[in-house]
Amino acid sequence: MLQMYLLFISILVIIYIIWELVDRHGKPPGPLGLPVVGYLPFIDARKPYETLTYLVKKFGPIVSLRMGSVYTVIIADPALLRDTLKREEFTGRAPLYITHGIMGGYGIICAEGDLWRDQRRLSTEWLRKMGMTKFGSSRSTLEARIMAGVNELLEDLKKESKALCAFDPAPFIHHVLGNLMNDLVFGLKYERDDDIWQYLQDLQEEGVKHIGVSMAVNFLPFLRHLPSSKRIIEFLLKGKKRTHEIYDSIIEERRMMLQMAIKKEVDEPFNENILTNFVKETNRRETSNSPELAFCSDSQLRHLLADLFGAGVDTTFTTFRWLLLFVALNKDVQRRLRQELCDNLHSAPTLDDVHSLPYLKACVAEAQRVRTVVPLGIPHGSISNSTIAGYNIPKNAMIMPFLWAVHMNPGLWSNPEQFNPENFLDASGHYSAPSYFMPFQTGKRMCLGDELARMILYLYTARIFWSFELEVLGGSSLDLTGICGITLTAPDYKVVFKDSPLQK
């Protein structure tokens, strides 16, 4: 009987291998994997980027494999990435459980098709209106809103430095960055000890980790019924429900305030923000009986607010924590950065000064490179049968822009594991970013808040190193690998902030 079972299993394995080989004809090369689960069991859940780097080295810059039920194409060549992600047929979202099951295809991160195009256009327009531009008076207004948080952070760091020799700056950074995004997205700010604000911060931090850990559920949705996965999914669903309840109260209040302002013909009592613009656009489409009103549902609004807030805070916060850590650990880098600030400025730095601070820009870029915040990129989906580099790509394939492999490619970067701002300076010492540097991804779905992120990172970095000299406590013993969820986060670390303001 045992022999019969073994023979049956052997026949199934042979049939599976033959089917896989036939199915792979004309598609990118890659490993076979196992029936049902594909290559998932072989991917290091803690360091998936290392597993995929191995596959890229073995099979080349375009690799295909099955991750559960999802056919996946990994692209690690920068030129091929740029060509692929600018094409309309790759503007979809991969058929994952998180994007389609939990988020329902709403928002801007998980949306696709006409909904995504409409909401991306509006969101970009509103961000530019708020000052996310390279020039113009609105840029100064946005800089002032960013600087309010910077000044608060500097005061917090000074106070904490007097109380403690060394401390973790993360909670202080998270608060001010979060409140900046609260201001831009919702038109409000929270006090540090506000219960709702504490809940939202904790939820975001834990949610990012859980979504990363639950990767397998994305590709094998039936795993959500297992006890371990079920707890994570329930946490995410409960968090989503509670967050939307909080948003609904803010939305209702905003709508009432707008109605009162219109009736009384007075100015709106809040700064320019995404929520207000969305409500106004909804009213405009209702009045004009526009068919695009369908894109302004309450479900879409809740998910859009969550996406813009969450993505804006998490990626910038994570990048800045890495940047502080690497610059503080590299004394020569910190010394040169502070010297550049001292040599070129007569007062505390502003955005207008950034063009004269190439080393500052290089430090920011190098932090984005050496620890790519989203190492596996934000996956795209193919909306039709197509080709990439001559290979056949089926509809509903997941296209993974493997940014980690690009940013850590020794053929493109000298000693890529080392933090070296010289990677972004030319022979004359001017800032120069190569075309294969893609911290905000590329193409039609690249990060729409890239300019805002640069403004924040430049101002926060310049002001902190203008005011302090940093030393990391026990820096030599820190594991700089990072913790991989959706984003690659830095380890917890404590810093000594030596009050050492630069004076001309």
# chains A, B, ... in the order shown; residues from 1 in each chain; ligands from 1

call {"tool": "closest_atom_pairs", "arguments": {"of": "region 343-438 of chain A", "to": "region 62-75 of chain A", "cutoff": "6 Å", "atoms": "only C-alpha atoms", "output": "JSON lines"}}
result
{"residue": "A:Ala397", "atom": "CA", "partner": "A:Tyr71", "partner_atom": "CA", "distance": 5.1}
{"residue": "A:Met398", "atom": "CA", "partner": "A:Thr72", "partner_atom": "CA", "distance": 4.7}
{"residue": "A:Ile399", "atom": "CA", "partner": "A:Val73", "partner_atom": "CA", "distance": 5.0}
{"residue": "A:Met400", "atom": "CA", "partner": "A:Ile74", "partner_atom": "CA", "distance": 4.8}
{"residue": "A:Pro401", "atom": "CA", "partner": "A:Ile75", "partner_atom": "CA", "distance": 5.3}
{"residue": "A:Phe402", "atom": "CA", "partner": "A:Ile75", "partner_atom": "CA", "distance": 5.7}

call {"tool": "residues_around", "arguments": {"residues": "Thr489 (chain A)", "least_positions_apart": "4", "cutoff": "9 Å", "atoms": "only C-alpha atoms", "output": "compact mmCIF listing (two decimals) with all heavy atoms, in the first residue's frame"}}
result
# COMPACT_ATOMS: atom_id res chain seq x y z
N THR A 318 10.65 56.40 8.94
CA THR A 318 11.61 55.31 8.86
C THR A 318 12.91 55.78 8.23
O THR A 318 14.01 55.47 8.72
CB THR A 318 11.03 54.14 8.05
OG1 THR A 318 9.82 53.69 8.68
CG2 THR A 318 12.01 52.98 7.98
N THR A 319 12.82 56.52 7.13
CA THR A 319 14.02 57.05 6.47
C THR A 319 14.81 57.94 7.41
O THR A 319 16.04 57.85 7.49
CB THR A 319 13.64 57.84 5.21
OG1 THR A 319 12.96 56.98 4.29
CG2 THR A 319 14.87 58.41 4.53
N ARG A 321 14.89 58.03 10.68
CA ARG A 321 15.53 57.28 11.76
C ARG A 321 16.82 56.61 11.27
O ARG A 321 17.83 56.60 11.97
CB ARG A 321 14.58 56.23 12.34
CG ARG A 321 13.45 56.82 13.17
CD ARG A 321 12.71 55.73 13.91
NE ARG A 321 13.55 55.09 14.91
CZ ARG A 321 13.73 53.77 15.03
NH1 ARG A 321 13.13 52.94 14.19
NH2 ARG A 321 14.51 53.29 15.97
N TRP A 322 16.78 56.04 10.07
CA TRP A 322 18.00 55.46 9.49
C TRP A 322 19.05 56.54 9.27
O TRP A 322 20.24 56.34 9.56
CB TRP A 322 17.68 54.78 8.16
CG TRP A 322 17.13 53.40 8.24
CD1 TRP A 322 15.92 52.96 7.79
CD2 TRP A 322 17.79 52.23 8.77
NE1 TRP A 322 15.77 51.61 8.01
CE2 TRP A 322 16.91 51.13 8.61
CE3 TRP A 322 19.04 52.01 9.37
CZ2 TRP A 322 17.24 49.83 9.03
CZ3 TRP A 322 19.37 50.72 9.78
CH2 TRP A 322 18.48 49.66 9.61
N ARG A 371 19.52 51.81 2.92
CA ARG A 371 18.42 51.10 3.58
C ARG A 371 17.12 51.49 2.90
O ARG A 371 16.32 52.26 3.43
CB ARG A 371 18.38 51.40 5.08
CG ARG A 371 19.48 50.73 5.88
CD ARG A 371 19.37 49.20 5.81
NE ARG A 371 20.47 48.54 6.51
CZ ARG A 371 21.60 48.16 5.93
NH1 ARG A 371 21.82 48.40 4.64
NH2 ARG A 371 22.53 47.55 6.63
N VAL A 373 13.70 51.96 2.05
CA VAL A 373 12.62 51.85 3.03
C VAL A 373 11.61 50.77 2.65
O VAL A 373 11.13 50.02 3.51
CB VAL A 373 11.91 53.22 3.18
CG1 VAL A 373 10.69 53.09 4.06
CG2 VAL A 373 12.87 54.22 3.80
N THR A 481 20.90 45.49 10.27
CA THR A 481 20.15 44.77 9.24
C THR A 481 18.77 45.39 9.04
O THR A 481 18.30 45.55 7.90
CB THR A 481 19.99 43.28 9.62
OG1 THR A 481 21.28 42.71 9.79
CG2 THR A 481 19.24 42.53 8.54
N GLY A 482 18.11 45.72 10.12
CA GLY A 482 16.77 46.27 10.04
C GLY A 482 15.70 45.22 10.25
O GLY A 482 15.97 44.02 10.22
N ILE A 483 14.49 45.67 10.51
CA ILE A 483 13.35 44.79 10.75
C ILE A 483 12.39 44.96 9.58
O ILE A 483 11.89 46.06 9.33
CB ILE A 483 12.65 45.16 12.08
CG1 ILE A 483 13.66 45.10 13.23
CG2 ILE A 483 11.47 44.23 12.35
CD1 ILE A 483 13.19 45.80 14.48
N CYS A 484 12.13 43.89 8.86
CA CYS A 484 11.39 43.98 7.60
C CYS A 484 9.90 43.68 7.79
O CYS A 484 9.52 42.56 8.14
CB CYS A 484 11.98 43.03 6.56
SG CYS A 484 11.39 43.36 4.88
N GLY A 485 9.07 44.71 7.61
CA GLY A 485 7.63 44.54 7.49
C GLY A 485 7.28 45.02 6.10
O GLY A 485 7.88 44.59 5.12

call {"tool": "residues_around", "arguments": {"residues": "region 126-139 of chain A", "least_positions_apart": "4", "cutoff": "12 Å", "atoms": "only C-alpha atoms", "output": "ChimeraX atom specification"}}
result
/A:119-122,143-146,181,183-185,187,271-278,280-281,308,312,350-352,354-355,448-456

call {"tool": "residues_around", "arguments": {"residues": "Ala170 (chain A)", "least_positions_apart": "6", "cutoff": "12 Å", "atoms": "only C-alpha atoms", "output": "number ranges by chain"}}
result
A: 153, 156-157, 176-178, 201, 205, 314, 317-322, 324-325, 489-495

call {"tool": "residues_around", "arguments": {"residues": "Ala362 (chain A)", "least_positions_apart": "3", "cutoff": "6 Å", "atoms": "only C-alpha atoms", "output": "PyMOL selection string"}}
result
chain A and resi 359+365-366+421+424

call {"tool": "closest_residue", "arguments": {"among": "A:Asn182, A:His407, A:Arg463, A:Lys58", "to": "Val313 (chain A)", "atoms": "only C-alpha atoms"}}
result
A:Asn182

call {"tool": "select_by_dssp", "arguments": {"residues": "region 32-272 of chain A", "states": "strand (DSSP E)", "output": "PyMOL selection string"}}
result
chain A and resi 62-67+70-75

call {"tool": "atom_distance", "arguments": {"atom1": "CA of Leu357 (chain A)", "atom2": "CA of Met446 (chain A)"}}
result
26.0 Å

call {"tool": "select_by_dssp", "arguments": {"residues": "region 94-294 of chain A", "states": "helix (DSSP H, G or I)", "output": "PyMOL selection string"}}
result
chain A and resi 97-102+113-129+137-163+170-185+195-213+215-219+221-225+227-264+274-287+291-294

call {"tool": "atom_distance", "arguments": {"atom1": "CA of Asp77 (chain A)", "atom2": "CA of Pro61 (chain A)"}}
result
5.3 Å

call {"tool": "closest_residue", "arguments": {"among": "A:Leu301, A:Glu469, A:Met256, A:Leu457", "to": "Arg335 (chain A)", "atoms": "only C-alpha atoms"}}
result
A:Glu469

call {"tool": "atom_distance", "arguments": {"atom1": "CA of Lys498 (chain A)", "atom2": "CA of Ala148 (chain A)"}}
result
22.0 Å

call {"tool": "residues_around", "arguments": {"residues": "region 383-389 of chain A", "least_positions_apart": "4", "cutoff": "7 Å", "atoms": "only C-alpha atoms", "output": "PyMOL selection string"}}
result
chain A and resi 84+89-90+92+393-396

call {"tool": "write_last_selection", "arguments": {"atoms": "C-alpha atoms", "output": "tab-separated table (two decimals), in the first residue's frame"}}
result
chain	number	residue	atom	x	y	z
A	84	THR	CA	8.00	48.72	-17.45
A	89	GLU	CA	-0.67	47.85	-18.81
A	90	PHE	CA	1.29	47.68	-15.57
A	92	GLY	CA	-2.87	47.76	-11.85
A	393	ILE	CA	3.61	38.31	-18.95
A	394	PRO	CA	0.06	37.11	-18.24
A	395	LYS	CA	-2.81	39.25	-17.03
A	396	ASN	CA	-3.07	39.55	-13.21

call {"tool": "residues_around", "arguments": {"residues": "Leu360 (chain A)", "least_positions_apart": "6", "cutoff": "9 Å", "atoms": "only C-alpha atoms", "output": "PyMOL selection string"}}
result
chain A and resi 337-338+340-341+354+421+458+461-462

call {"tool": "write_last_selection", "arguments": {"atoms": "N, CA and C atoms", "output": "compact mmCIF listing (two decimals), in the first residue's frame"}}
result
# COMPACT_ATOMS: atom_id res chain seq x y z
N LEU A 337 29.29 67.16 7.43
CA LEU A 337 27.96 67.74 7.27
C LEU A 337 27.83 69.02 8.09
N ARG A 338 28.24 68.97 9.33
CA ARG A 338 28.14 70.16 10.19
C ARG A 338 29.06 71.28 9.69
N GLU A 340 29.86 71.81 6.56
CA GLU A 340 29.21 72.41 5.39
C GLU A 340 28.14 73.41 5.83
N LEU A 341 27.35 73.04 6.82
CA LEU A 341 26.34 73.95 7.34
C LEU A 341 26.97 75.23 7.87
N VAL A 354 19.14 74.90 0.65
CA VAL A 354 19.47 73.52 0.32
C VAL A 354 20.33 73.41 -0.93
N PRO A 421 28.08 58.97 1.53
CA PRO A 421 27.42 60.05 0.77
C PRO A 421 28.15 60.43 -0.52
N TYR A 458 15.20 67.20 4.27
CA TYR A 458 16.24 68.25 4.22
C TYR A 458 16.15 69.17 5.44
N THR A 461 16.89 67.23 8.87
CA THR A 461 18.31 66.87 8.98
C THR A 461 19.17 68.10 9.20
N ALA A 462 18.95 69.13 8.39
CA ALA A 462 19.76 70.34 8.50
C ALA A 462 19.60 71.00 9.87

call {"tool": "closest_residue", "arguments": {"among": "A:Tyr49, A:Val279, A:Lys189, A:Tyr436", "to": "Glu252 (chain A)", "atoms": "only C-alpha atoms"}}
result
A:Val279
